[in-house]
$ cat input-v2.csv   # CSV, C-alpha atoms
chain,number,residue,atom,x,y,z
A,1,MET,CA,-79.7,-68.7,-9.3
A,2,ASP,CA,-80.6,-71.5,-6.8
A,3,TYR,CA,-83.3,-71.3,-4.1
A,4,SER,CA,-80.9,-70.7,-1.2
A,5,THR,CA,-79.2,-67.8,-2.9
A,6,GLU,CA,-82.6,-66.2,-3.7
A,7,MET,CA,-83.6,-66.6,0.0
A,8,GLU,CA,-80.4,-64.9,1.1
A,9,ASN,CA,-81.0,-62.0,-1.3
A,10,LEU,CA,-84.6,-61.7,0.0
A,11,ASN,CA,-83.3,-61.8,3.6
A,12,SER,CA,-80.8,-59.1,2.8
A,13,LYS,CA,-83.5,-56.8,1.2
A,14,LEU,CA,-85.8,-57.3,4.2
A,15,SER,CA,-83.0,-56.3,6.5
A,16,GLU,CA,-82.4,-53.2,4.5
A,17,LEU,CA,-86.1,-52.5,4.6
A,18,LYS,CA,-86.1,-53.0,8.4
A,19,GLN,CA,-83.3,-50.5,8.7
A,20,VAL,CA,-85.3,-48.0,6.7
A,21,PHE,CA,-88.3,-48.5,8.9
A,22,ARG,CA,-86.1,-48.0,12.0
A,23,ILE,CA,-84.8,-44.8,10.6
A,24,GLY,CA,-88.3,-43.8,9.7
A,25,GLU,CA,-89.5,-44.4,13.2
A,26,LYS,CA,-86.7,-42.0,14.4
A,27,VAL,CA,-87.3,-39.4,11.7
A,28,ILE,CA,-91.1,-39.2,11.7
A,29,PRO,CA,-91.4,-37.4,15.1
A,30,GLY,CA,-88.9,-34.8,13.7
A,31,ILE,CA,-90.9,-34.4,10.5
A,32,GLN,CA,-94.1,-34.1,12.6
A,33,LYS,CA,-92.5,-31.4,14.7
A,34,LEU,CA,-91.4,-29.6,11.5
A,35,ILE,CA,-94.9,-29.7,10.1
A,36,GLU,CA,-96.3,-28.3,13.4
A,37,PHE,CA,-93.6,-25.6,13.3
A,38,MET,CA,-94.6,-24.8,9.7
A,39,ALA,CA,-98.2,-24.6,10.6
A,40,GLU,CA,-97.3,-22.1,13.4
A,41,ILE,CA,-95.0,-20.1,11.3
A,42,LEU,CA,-97.2,-19.9,8.1
A,43,PRO,CA,-99.4,-17.0,9.4
A,44,LEU,CA,-96.2,-15.2,10.4
A,45,LEU,CA,-94.8,-15.7,6.9
A,46,ASN,CA,-98.1,-14.5,5.5
A,47,ASN,CA,-97.8,-11.3,7.6
A,48,ILE,CA,-94.3,-10.7,6.5
A,49,ASN,CA,-95.3,-11.3,2.9
A,50,TYR,CA,-98.2,-8.9,3.2
A,51,SER,CA,-95.9,-6.2,4.8
A,52,ILE,CA,-93.4,-6.6,2.1
A,53,GLU,CA,-96.1,-6.4,-0.6
A,54,GLU,CA,-97.6,-3.3,1.0
A,55,SER,CA,-94.2,-1.6,1.4
A,56,THR,CA,-93.3,-2.4,-2.2
A,57,LYS,CA,-96.6,-0.9,-3.5
A,58,LYS,CA,-95.8,2.3,-1.7
A,59,ILE,CA,-92.4,2.7,-3.2
A,60,PRO,CA,-93.5,4.0,-6.7
A,61,LYS,CA,-95.4,6.8,-4.8
A,62,ALA,CA,-92.3,7.7,-2.8
A,63,THR,CA,-90.1,7.9,-5.9
A,64,ASN,CA,-92.8,10.1,-7.7
A,65,GLN,CA,-92.9,12.3,-4.6
A,66,LEU,CA,-89.1,12.7,-4.7
A,67,ASN,CA,-89.3,13.7,-8.4
A,68,ASP,CA,-92.0,16.2,-7.5
A,69,VAL,CA,-89.8,17.7,-4.8
A,70,THR,CA,-87.0,18.1,-7.4
A,71,HIS,CA,-89.4,19.7,-9.9
A,72,ALA,CA,-90.9,22.1,-7.3
A,73,THR,CA,-87.5,23.2,-6.0
A,74,GLU,CA,-86.3,23.8,-9.6
A,75,ILE,CA,-89.4,26.0,-10.2
A,76,ALA,CA,-88.9,27.9,-6.9
A,77,THR,CA,-85.2,28.4,-7.7
A,78,THR,CA,-86.0,29.7,-11.1
A,79,GLU,CA,-88.4,32.2,-9.6
A,80,ILE,CA,-85.8,33.4,-7.1
A,81,LEU,CA,-83.3,33.8,-10.0
A,82,ASP,CA,-85.8,35.8,-11.9
A,83,LYS,CA,-86.0,38.2,-8.9
A,84,VAL,CA,-82.2,38.3,-8.7
A,85,ASP,CA,-82.2,39.3,-12.3
A,86,GLN,CA,-84.7,42.0,-11.7
A,87,ILE,CA,-82.8,43.4,-8.8
A,88,ASN,CA,-79.5,43.3,-10.7
A,89,SER,CA,-81.2,45.3,-13.5
A,90,GLU,CA,-82.5,47.9,-11.0
A,91,ILE,CA,-79.0,48.2,-9.5
A,92,SER,CA,-77.5,48.8,-12.9
A,93,GLN,CA,-80.0,51.7,-13.4
A,94,TRP,CA,-79.0,53.1,-10.0
A,95,GLU,CA,-75.3,52.9,-11.1
A,96,GLU,CA,-76.1,54.7,-14.3
A,97,PHE,CA,-77.9,57.4,-12.3
A,98,ILE,CA,-74.9,57.8,-10.0
A,99,ILE,CA,-72.6,58.2,-13.0
A,100,LYS,CA,-74.9,60.9,-14.4
A,101,TYR,CA,-75.1,62.4,-10.9
A,102,ASN,CA,-71.3,62.7,-10.7
A,103,SER,CA,-71.2,65.3,-13.5
A,104,LYS,CA,-73.9,67.4,-11.7
A,105,ILE,CA,-71.9,67.2,-8.5
A,106,ARG,CA,-68.8,68.5,-10.2
A,107,LYS,CA,-70.8,71.3,-11.8
A,108,ARG,CA,-72.3,72.2,-8.4
A,109,LYS,CA,-68.8,72.4,-6.9
A,110,GLU,CA,-67.7,74.7,-9.6
A,111,VAL,CA,-70.7,77.0,-9.0
A,112,TYR,CA,-70.0,76.9,-5.3
A,113,GLU,CA,-66.4,78.0,-5.8
A,114,LYS,CA,-67.4,80.8,-8.2
A,115,LEU,CA,-70.0,82.0,-5.8
A,116,MET,CA,-67.5,81.9,-2.9
A,117,ARG,CA,-65.1,84.1,-4.8
A,118,GLU,CA,-67.9,86.6,-5.6
A,119,ILE,CA,-69.0,86.9,-2.0
A,120,GLU,CA,-65.7,86.4,-0.1
A,121,ASN,CA,-65.9,90.0,1.2
A,122,ASN,CA,-69.3,89.4,2.7
A,123,PRO,CA,-69.0,87.1,5.8
A,124,THR,CA,-72.8,86.8,6.3
A,125,ALA,CA,-73.2,85.7,2.7
A,126,VAL,CA,-70.3,83.2,3.0
A,127,ASP,CA,-71.9,81.7,6.2
A,128,LEU,CA,-75.3,81.4,4.4
A,129,LEU,CA,-73.7,79.7,1.4
A,130,ASN,CA,-71.9,77.2,3.6
A,131,GLU,CA,-75.0,76.5,5.6
A,132,TYR,CA,-76.9,75.9,2.3
A,133,GLU,CA,-74.1,73.6,1.1
A,134,ASN,CA,-74.1,71.6,4.3
A,135,LEU,CA,-77.8,71.0,4.0
A,136,PHE,CA,-77.1,68.7,1.0
A,137,PRO,CA,-73.7,66.9,1.6
A,138,LEU,CA,-73.9,65.2,-1.8
A,139,ASN,CA,-70.4,63.7,-1.8
A,140,GLY,CA,-71.1,61.6,1.3
A,141,THR,CA,-74.5,60.6,-0.1
A,142,GLN,CA,-72.9,59.4,-3.3
A,143,GLN,CA,-70.4,57.2,-1.4
A,144,TYR,CA,-73.2,55.9,0.8
A,145,PHE,CA,-75.2,54.8,-2.3
A,146,LYS,CA,-72.1,53.2,-3.9
A,147,ASP,CA,-71.4,51.2,-0.7
A,148,SER,CA,-75.1,50.1,-0.5
A,149,ILE,CA,-75.1,49.0,-4.1
A,150,ALA,CA,-71.9,47.0,-3.5
A,151,LYS,CA,-73.5,45.3,-0.5
A,152,VAL,CA,-76.6,44.4,-2.4
A,153,ARG,CA,-74.6,43.1,-5.3
A,154,ALA,CA,-72.5,40.9,-2.9
A,155,GLY,CA,-75.8,39.7,-1.3
A,156,LEU,CA,-77.2,38.7,-4.8
A,157,GLU,CA,-74.0,36.9,-5.6
A,158,THR,CA,-74.2,34.9,-2.4
A,159,ILE,CA,-77.8,34.0,-3.2
A,160,THR,CA,-76.8,32.9,-6.6
A,161,ILE,CA,-74.0,30.7,-5.3
A,162,THR,CA,-76.3,29.3,-2.6
A,163,LEU,CA,-79.0,28.4,-5.2
A,164,GLN,CA,-76.5,25.9,-6.7
A,165,VAL,CA,-77.7,23.7,-3.8
A,166,GLN,CA,-80.8,22.9,-5.9
A,167,ASP,CA,-78.8,21.1,-8.5
A,168,ILE,CA,-76.8,19.3,-5.9
A,169,THR,CA,-79.8,18.2,-3.9
A,170,ALA,CA,-81.5,17.1,-7.2
A,171,GLN,CA,-78.6,14.8,-7.8
A,172,GLN,CA,-78.8,13.5,-4.2
A,173,LEU,CA,-82.5,12.8,-4.6
A,174,LEU,CA,-81.8,11.0,-7.9
A,175,ALA,CA,-79.3,8.8,-6.0
A,176,VAL,CA,-81.9,8.1,-3.3
A,177,ASN,CA,-84.5,7.2,-6.0
A,178,HIS,CA,-82.0,4.9,-7.6
A,179,LEU,CA,-81.5,3.2,-4.3
A,180,ILE,CA,-85.3,2.9,-3.6
A,181,ILE,CA,-85.8,1.4,-7.0
A,182,SER,CA,-83.1,-1.2,-6.3
A,183,VAL,CA,-84.8,-2.0,-3.0
A,184,GLN,CA,-88.2,-2.4,-4.7
A,185,LYS,CA,-86.7,-4.9,-7.1
A,186,LYS,CA,-85.2,-6.9,-4.3
A,187,LEU,CA,-88.4,-6.8,-2.3
A,188,SER,CA,-90.6,-7.8,-5.3
A,189,GLY,CA,-88.4,-10.9,-5.6
A,190,LEU,CA,-89.2,-11.9,-2.0
A,191,ILE,CA,-93.0,-11.8,-2.3
A,192,VAL,CA,-94.4,-15.3,-2.7
A,193,ASP,CA,-97.9,-16.8,-2.8
A,194,LEU,CA,-98.2,-19.2,0.1
A,195,SER,CA,-101.9,-19.8,-0.2
A,196,GLY,CA,-101.9,-22.4,-3.0
A,197,GLU,CA,-100.4,-25.9,-3.1
A,198,GLU,CA,-97.4,-24.5,-4.9
A,199,VAL,CA,-95.2,-21.7,-3.6
A,200,MET,CA,-95.2,-19.0,-6.4
A,201,LEU,CA,-93.5,-15.7,-7.0
A,202,VAL,CA,-96.0,-12.8,-7.0
A,203,THR,CA,-95.4,-10.6,-10.0
A,204,SER,CA,-98.4,-8.3,-9.8
A,205,VAL,CA,-96.6,-5.6,-7.8
A,206,GLU,CA,-96.4,-2.3,-9.8
A,207,GLN,CA,-92.9,-1.8,-11.1
A,208,ILE,CA,-91.4,1.7,-11.1
A,209,GLU,CA,-90.6,3.0,-14.6
A,210,GLN,CA,-87.0,3.8,-14.2
A,211,PRO,CA,-85.6,6.2,-16.7
A,212,THR,CA,-82.7,4.5,-18.4
A,213,ASP,CA,-80.8,7.7,-19.3
A,214,VAL,CA,-80.5,9.2,-15.8
A,215,ASN,CA,-77.0,10.2,-14.9
A,216,PHE,CA,-76.2,11.6,-11.5
A,217,ASP,CA,-73.3,12.1,-9.1
A,218,PRO,CA,-74.1,9.9,-6.0
A,219,ASN,CA,-71.4,11.8,-4.1
A,220,ALA,CA,-72.7,15.3,-4.9
A,221,SER,CA,-72.5,17.6,-1.8
A,222,PHE,CA,-73.0,21.3,-1.1
A,223,THR,CA,-69.7,22.2,0.5
A,224,PRO,CA,-68.8,25.8,-0.4
A,225,SER,CA,-65.1,25.3,0.4
A,226,VAL,CA,-62.1,26.2,-1.7
A,227,ASP,CA,-60.4,22.8,-0.9
A,228,LYS,CA,-61.9,20.9,-3.8
A,229,GLN,CA,-61.2,23.6,-6.3
A,230,ASN,CA,-57.6,23.9,-4.9
A,231,MET,CA,-57.1,20.2,-5.5
A,232,VAL,CA,-58.5,20.6,-9.1
A,233,ASP,CA,-56.1,23.5,-9.7
A,234,GLU,CA,-53.2,21.6,-8.4
A,235,ILE,CA,-53.9,18.6,-10.7
A,236,MET,CA,-54.5,21.0,-13.7
A,237,SER,CA,-51.2,22.8,-13.1
A,238,GLN,CA,-49.4,19.4,-13.0
A,239,ALA,CA,-51.1,18.4,-16.2
A,240,ASN,CA,-50.3,21.7,-17.9
A,241,ALA,CA,-46.6,21.2,-17.0
A,242,LEU,CA,-46.6,18.1,-19.2
A,243,SER,CA,-45.9,18.7,-22.8
A,244,SER,CA,-47.8,16.0,-24.6
A,245,GLN,CA,-51.1,14.0,-24.3
A,246,ASP,CA,-49.0,10.8,-24.0
A,247,GLU,CA,-47.4,12.2,-20.9
A,248,ILE,CA,-50.8,13.2,-19.5
A,249,ASP,CA,-52.1,9.6,-20.2
A,250,LYS,CA,-49.0,8.2,-18.4
A,251,LEU,CA,-49.9,10.4,-15.3
A,252,PHE,CA,-53.4,9.0,-15.3
A,253,ASN,CA,-52.1,5.4,-15.5
A,254,ASN,CA,-49.8,6.0,-12.6
A,255,ASN,CA,-52.1,8.0,-10.3
A,256,GLY,CA,-55.6,8.0,-11.6
A,257,LYS,CA,-56.6,4.4,-10.7
B,1,MET,CA,-63.1,38.5,-30.6
B,2,GLU,CA,-66.5,38.3,-28.9
B,3,LEU,CA,-67.1,35.1,-27.0
B,4,LYS,CA,-70.2,33.0,-27.8
B,5,PHE,CA,-70.7,30.4,-25.0
B,6,LEU,CA,-72.6,27.1,-25.3
B,7,ILE,CA,-73.8,26.3,-21.8
B,8,VAL,CA,-74.6,22.6,-21.4
B,9,ASP,CA,-76.4,21.4,-18.2
B,10,ASP,CA,-79.5,19.3,-17.7
B,11,SER,CA,-80.4,21.5,-14.7
B,12,LEU,CA,-82.3,24.6,-15.6
B,13,THR,CA,-81.2,26.2,-12.4
B,14,MET,CA,-77.5,25.7,-13.2
B,15,ARG,CA,-78.0,27.0,-16.8
B,16,ARG,CA,-79.6,30.1,-15.3
B,17,ILE,CA,-76.8,30.5,-12.7
B,18,VAL,CA,-74.0,30.2,-15.3
B,19,THR,CA,-75.7,32.7,-17.6
B,20,ASN,CA,-76.4,35.1,-14.8
B,21,SER,CA,-72.7,34.9,-13.7
B,22,LEU,CA,-71.6,35.4,-17.3
B,23,LYS,CA,-73.8,38.4,-17.7
B,24,ASN,CA,-72.4,39.9,-14.5
B,25,LEU,CA,-68.9,39.3,-15.9
B,26,GLY,CA,-69.8,41.3,-19.0
B,27,TYR,CA,-70.6,38.4,-21.4
B,28,ASN,CA,-73.9,38.5,-23.3
B,29,ASN,CA,-73.7,36.0,-26.0
B,30,PHE,CA,-74.7,32.5,-25.1
B,31,ILE,CA,-76.9,29.6,-26.1
B,32,GLU,CA,-78.0,26.6,-24.0
B,33,ALA,CA,-78.3,22.9,-24.3
B,34,ALA,CA,-79.9,20.4,-21.8
B,35,ASP,CA,-77.6,17.4,-22.6
B,36,GLY,CA,-74.6,16.4,-24.6
B,37,LYS,CA,-76.6,15.3,-27.7
B,38,GLU,CA,-78.4,18.6,-27.9
B,39,ALA,CA,-75.0,20.4,-27.5
B,40,LEU,CA,-73.5,18.5,-30.4
B,41,GLU,CA,-76.5,19.5,-32.6
B,42,LYS,CA,-76.1,23.1,-31.6
B,43,LEU,CA,-72.4,23.0,-32.2
B,44,ALA,CA,-73.0,21.6,-35.7
B,45,ALA,CA,-75.6,24.2,-36.5
B,46,ASP,CA,-73.7,27.3,-35.2
B,47,SER,CA,-70.1,27.8,-36.2
B,48,SER,CA,-69.9,31.0,-34.1
B,49,ILE,CA,-69.8,29.1,-30.8
B,50,ASN,CA,-66.3,29.5,-29.5
B,51,PHE,CA,-66.5,28.4,-25.8
B,52,VAL,CA,-68.2,25.4,-24.2
B,53,ILE,CA,-69.1,25.3,-20.5
B,54,THR,CA,-70.5,21.8,-19.7
B,55,ASP,CA,-71.7,19.8,-16.8
B,56,TRP,CA,-70.7,16.2,-16.4
B,57,ASN,CA,-73.8,14.3,-15.2
B,58,MET,CA,-76.4,14.6,-17.8
B,59,PRO,CA,-78.9,12.2,-19.4
B,60,VAL,CA,-78.7,11.0,-23.1
B,61,LEU,CA,-75.0,12.0,-23.5
B,62,SER,CA,-72.9,12.9,-20.5
B,63,GLY,CA,-70.5,15.8,-20.4
B,64,LEU,CA,-67.5,13.5,-20.5
B,65,GLU,CA,-68.9,11.8,-23.6
B,66,LEU,CA,-69.6,15.2,-25.1
B,67,VAL,CA,-66.0,16.3,-24.6
B,68,LYS,CA,-64.8,13.1,-26.2
B,69,ALA,CA,-67.2,13.6,-29.2
B,70,ILE,CA,-66.0,17.2,-29.6
B,71,ARG,CA,-62.4,16.3,-29.5
B,72,SER,CA,-62.8,13.4,-32.0
B,73,ASP,CA,-63.9,16.0,-34.6
B,74,THR,CA,-60.8,17.8,-36.0
B,75,LYS,CA,-62.9,20.9,-36.6
B,76,PHE,CA,-63.3,21.3,-32.8
B,77,SER,CA,-59.9,20.0,-31.6
B,78,SER,CA,-59.0,23.4,-30.2
B,79,LEU,CA,-62.4,24.6,-29.0
B,80,PRO,CA,-62.1,25.8,-25.4
B,81,ILE,CA,-64.1,23.5,-23.0
B,82,LEU,CA,-64.6,24.2,-19.3
B,83,MET,CA,-66.1,21.4,-17.2
B,84,VAL,CA,-68.4,22.6,-14.4
B,85,THR,CA,-69.5,19.7,-12.2
B,86,THR,CA,-70.1,18.4,-8.7
B,87,ARG,CA,-67.6,15.6,-9.3
B,88,GLY,CA,-64.6,16.6,-7.3
B,89,VAL,CA,-62.5,13.5,-6.8
B,90,LYS,CA,-59.1,13.0,-8.3
B,91,GLU,CA,-60.1,10.2,-10.6
B,92,ASP,CA,-62.9,12.3,-12.2
B,93,ILE,CA,-60.6,15.3,-12.7
B,94,LEU,CA,-58.0,13.0,-14.4
B,95,GLN,CA,-60.7,11.4,-16.6
B,96,ALA,CA,-61.8,14.9,-17.7
B,97,LEU,CA,-58.2,15.9,-18.4
B,98,GLN,CA,-57.6,12.8,-20.4
B,99,ALA,CA,-60.7,13.6,-22.5
B,100,ARG,CA,-59.0,16.9,-23.0
B,101,VAL,CA,-61.1,19.5,-21.2
B,102,ASN,CA,-59.2,22.8,-20.9
B,103,ASN,CA,-60.1,23.5,-17.3
B,104,TYR,CA,-62.4,22.2,-14.5
B,105,VAL,CA,-64.6,24.0,-11.9
B,106,VAL,CA,-66.2,22.2,-8.9
B,107,LYS,CA,-69.8,23.2,-7.9
B,108,PRO,CA,-70.7,25.2,-6.0
B,109,PHE,CA,-68.5,27.9,-7.6
B,110,THR,CA,-68.3,31.6,-7.3
B,111,PRO,CA,-68.5,33.9,-10.3
B,112,GLN,CA,-64.9,34.9,-9.6
B,113,VAL,CA,-63.7,31.3,-9.9
B,114,LEU,CA,-65.7,30.9,-13.2
B,115,ASN,CA,-64.1,34.1,-14.6
B,116,ASP,CA,-60.6,33.0,-13.5
B,117,LYS,CA,-61.0,29.7,-15.3
B,118,ILE,CA,-62.4,31.3,-18.4
B,119,GLN,CA,-59.5,33.7,-18.5
B,120,GLN,CA,-57.0,30.8,-18.0
B,121,VAL,CA,-58.6,28.8,-20.8
B,122,LEU,CA,-58.5,31.8,-23.1
B,123,ALA,CA,-54.9,32.4,-22.3
B,124,THR,CA,-53.8,28.9,-23.2
B,125,THR,CA,-56.0,28.3,-26.3
$ encode --input "input-v2.csv" --output "structure tokens"
Amino acid sequence: MDYSTEMENLNSKLSELKQVFRIGEKVIPGIQKLIEFMAEILPLLNNINYSIEESTKKIPKATNQLNDVTHATEIATTEILDKVDQINSEISQWEEFIIKYNSKIRKRKEVYEKLMREIENNPTAVDLLNEYENLFPLNGTQQYFKDSIAKVRAGLETITITLQVQDITAQQLLAVNHLIISVQKKLSGLIVDLSGEEVMLVTSVEQIEQPTDVNFDPNASFTPSVDKQNMVDEIMSQANALSSQDEIDKLFNNNGK
Amino acid sequence: MELKFLIVDDSLTMRRIVTNSLKNLGYNNFIEAADGKEALEKLAADSSINFVITDWNMPVLSGLELVKAIRSDTKFSSLPILMVTTRGVKEDILQALQARVNNYVVKPFTPQVLNDKIQQVLATT
């Protein structure tokens, strides 16, 4: 390469360098502003970081509290069911008593009719016997007890049906817990250490021990209506009308997905 | 023939409610399991079980997996199975049917509905 060519190359490189400096002159104020902006925003980022870290630390406590709620309601529900059992047992004894009482009422009626025949010629004695009989109208009392027992039984049945809400809310709480744990995982990933020279992920946040075998229905709801059961019954009757498992499988492939 | 029920549910409350309902309907012979795996162990250990009432959502082994496991054993191919669950959407019901449950009850249920379904299952098995 001769001297003039080398000079041309050098000149060209210097021109390129000049361009770089010109661009630098334009960019440097922008970078300066960016640095100033970062300096201003850093305390804010630290605050956000701290808030996320604090919130994330509180999540395990929240999930434990939800589990405690489920446990407590299960114990309370079991105690109520124990009481329902006891009352049912008492009612059964009343019913047995009423059945025994029936035979005594029949016997009493027989005695009353015999007595009436014996004293039918004595109007005063008839009046007295009727007055005595009306003091203890046992037939009406028996019916009253039967009606009362039926009402108590119906009430106990309603309580038992309503207590199914415990299982349903337990599943809803499991769904909420699952959601909280997912949020905690995401938040943990956002926490960074801005204090050092390098930006680092913080991994010291306590992780929630998530049971791997939990199975819940996220759509569980306490809606005591016959609509859902009617839909089930309709599908079941359609399936029962089909003669083979292959036909049932075909029905699922057409409608189930 | 006396019915011996295996009631499978991870919820103690639901096991109590089902057994209470059965008692009030005049049935007195039942055993319980808290998940599908325990249910399979009890089925293997007790040949007198002749009716299974199972929940769907359970840890370890779900009700649906339990039904599939039962049906895969030729010994239990005609064992009556009633699914009692909160899952009430069409896809769930079809999945349960495909796994070959005999009938399906949506929670919350009344003892009358439970009895109707037990009778329907018994009439068809």
$ closest_residue --input "input-v2.csv" --among "A:Met116, A:Ile31, A:Ala170, A:Ile181" --to "chain B" --atoms "all atoms listed in the file"
A:Ala170
$ atom_distance --input "input-v2.csv" --atom1 "CA of Asp233 (chain A)" --atom2 "CA of Leu66 (chain B)"
22.1 Å
$ atom_distance --input "input-v2.csv" --atom1 "CA of His71 (chain A)" --atom2 "CA of Thr162 (chain A)"
17.8 Å
$ interface_residues --input "input-v2.csv" --of "chain B" --to "chain A" --cutoff "7 Å" --atoms "all atoms listed in the file" --output "short mmCIF file (atom, residue, chain, number, x, y, z; two decimals) with C-alpha atoms, in the frame of the given file"
data_model
loop_
_atom_site.label_atom_id
_atom_site.label_comp_id
_atom_site.auth_asym_id
_atom_site.auth_seq_id
_atom_site.Cartn_x
_atom_site.Cartn_y
_atom_site.Cartn_z
CA SER B 11 -80.40 21.50 -14.70
CA THR B 13 -81.20 26.20 -12.40
CA MET B 14 -77.50 25.70 -13.20
CA ILE B 17 -76.80 30.50 -12.70
CA ASN B 57 -73.80 14.30 -15.20
CA MET B 58 -76.40 14.60 -17.80
CA PRO B 59 -78.90 12.20 -19.40
CA VAL B 60 -78.70 11.00 -23.10
CA THR B 86 -70.10 18.40 -8.70
CA ARG B 87 -67.60 15.60 -9.30
CA GLY B 88 -64.60 16.60 -7.30
CA LYS B 90 -59.10 13.00 -8.30
CA GLU B 91 -60.10 10.20 -10.60
CA ILE B 93 -60.60 15.30 -12.70
CA LEU B 94 -58.00 13.00 -14.40
CA GLN B 98 -57.60 12.80 -20.40
CA TYR B 104 -62.40 22.20 -14.50
CA VAL B 105 -64.60 24.00 -11.90
CA VAL B 106 -66.20 22.20 -8.90
CA PRO B 108 -70.70 25.20 -6.00
CA PHE B 109 -68.50 27.90 -7.60
CA THR B 110 -68.30 31.60 -7.30
#
$ atom_distance --input "input-v2.csv" --atom1 "CA of Leu25 (chain B)" --atom2 "CA of Thr54 (chain B)"
18.0 Å
$ residues_around --input "input-v2.csv" --residues "Glu2 (chain B)" --least-positions-apart "3" --cutoff "12 Å" --atoms "all atoms listed in the file" --output "VMD selection string"
chain B and resid 5 26 to 30 48 to 51 122
$ residues_around --input "input-v2.csv" --residues "Val52 (chain B)" --least-positions-apart "2" --cutoff "12 Å" --atoms "all atoms listed in the file" --output "MDAnalysis selection string"
chainID B and resid 3:9 18 30:33 36 39:40 42:43 48:50 54:55 63 66:67 70 76 78:84 101:104 118 121:122
$ residues_around --input "input-v2.csv" --residues "Thr63 (chain A)" --least-positions-apart "6" --cutoff "9 Å" --atoms "all atoms listed in the file" --output "ChimeraX atom specification"
/A:176-178,180-181,208
$ residues_around --input "input-v2.csv" --residues "Ser92 (chain A)" --least-positions-apart "5" --cutoff "10 Å" --atoms "all atoms listed in the file" --output "MDAnalysis selection string"
chainID A and resid 86:87 97:98 149 153
$ closest_residue --input "input-v2.csv" --among "B:Ala99, B:Ala69, B:Thr125, B:Asp92" --to "Glu41 (chain B)" --atoms "only C-alpha atoms"
B:Ala69
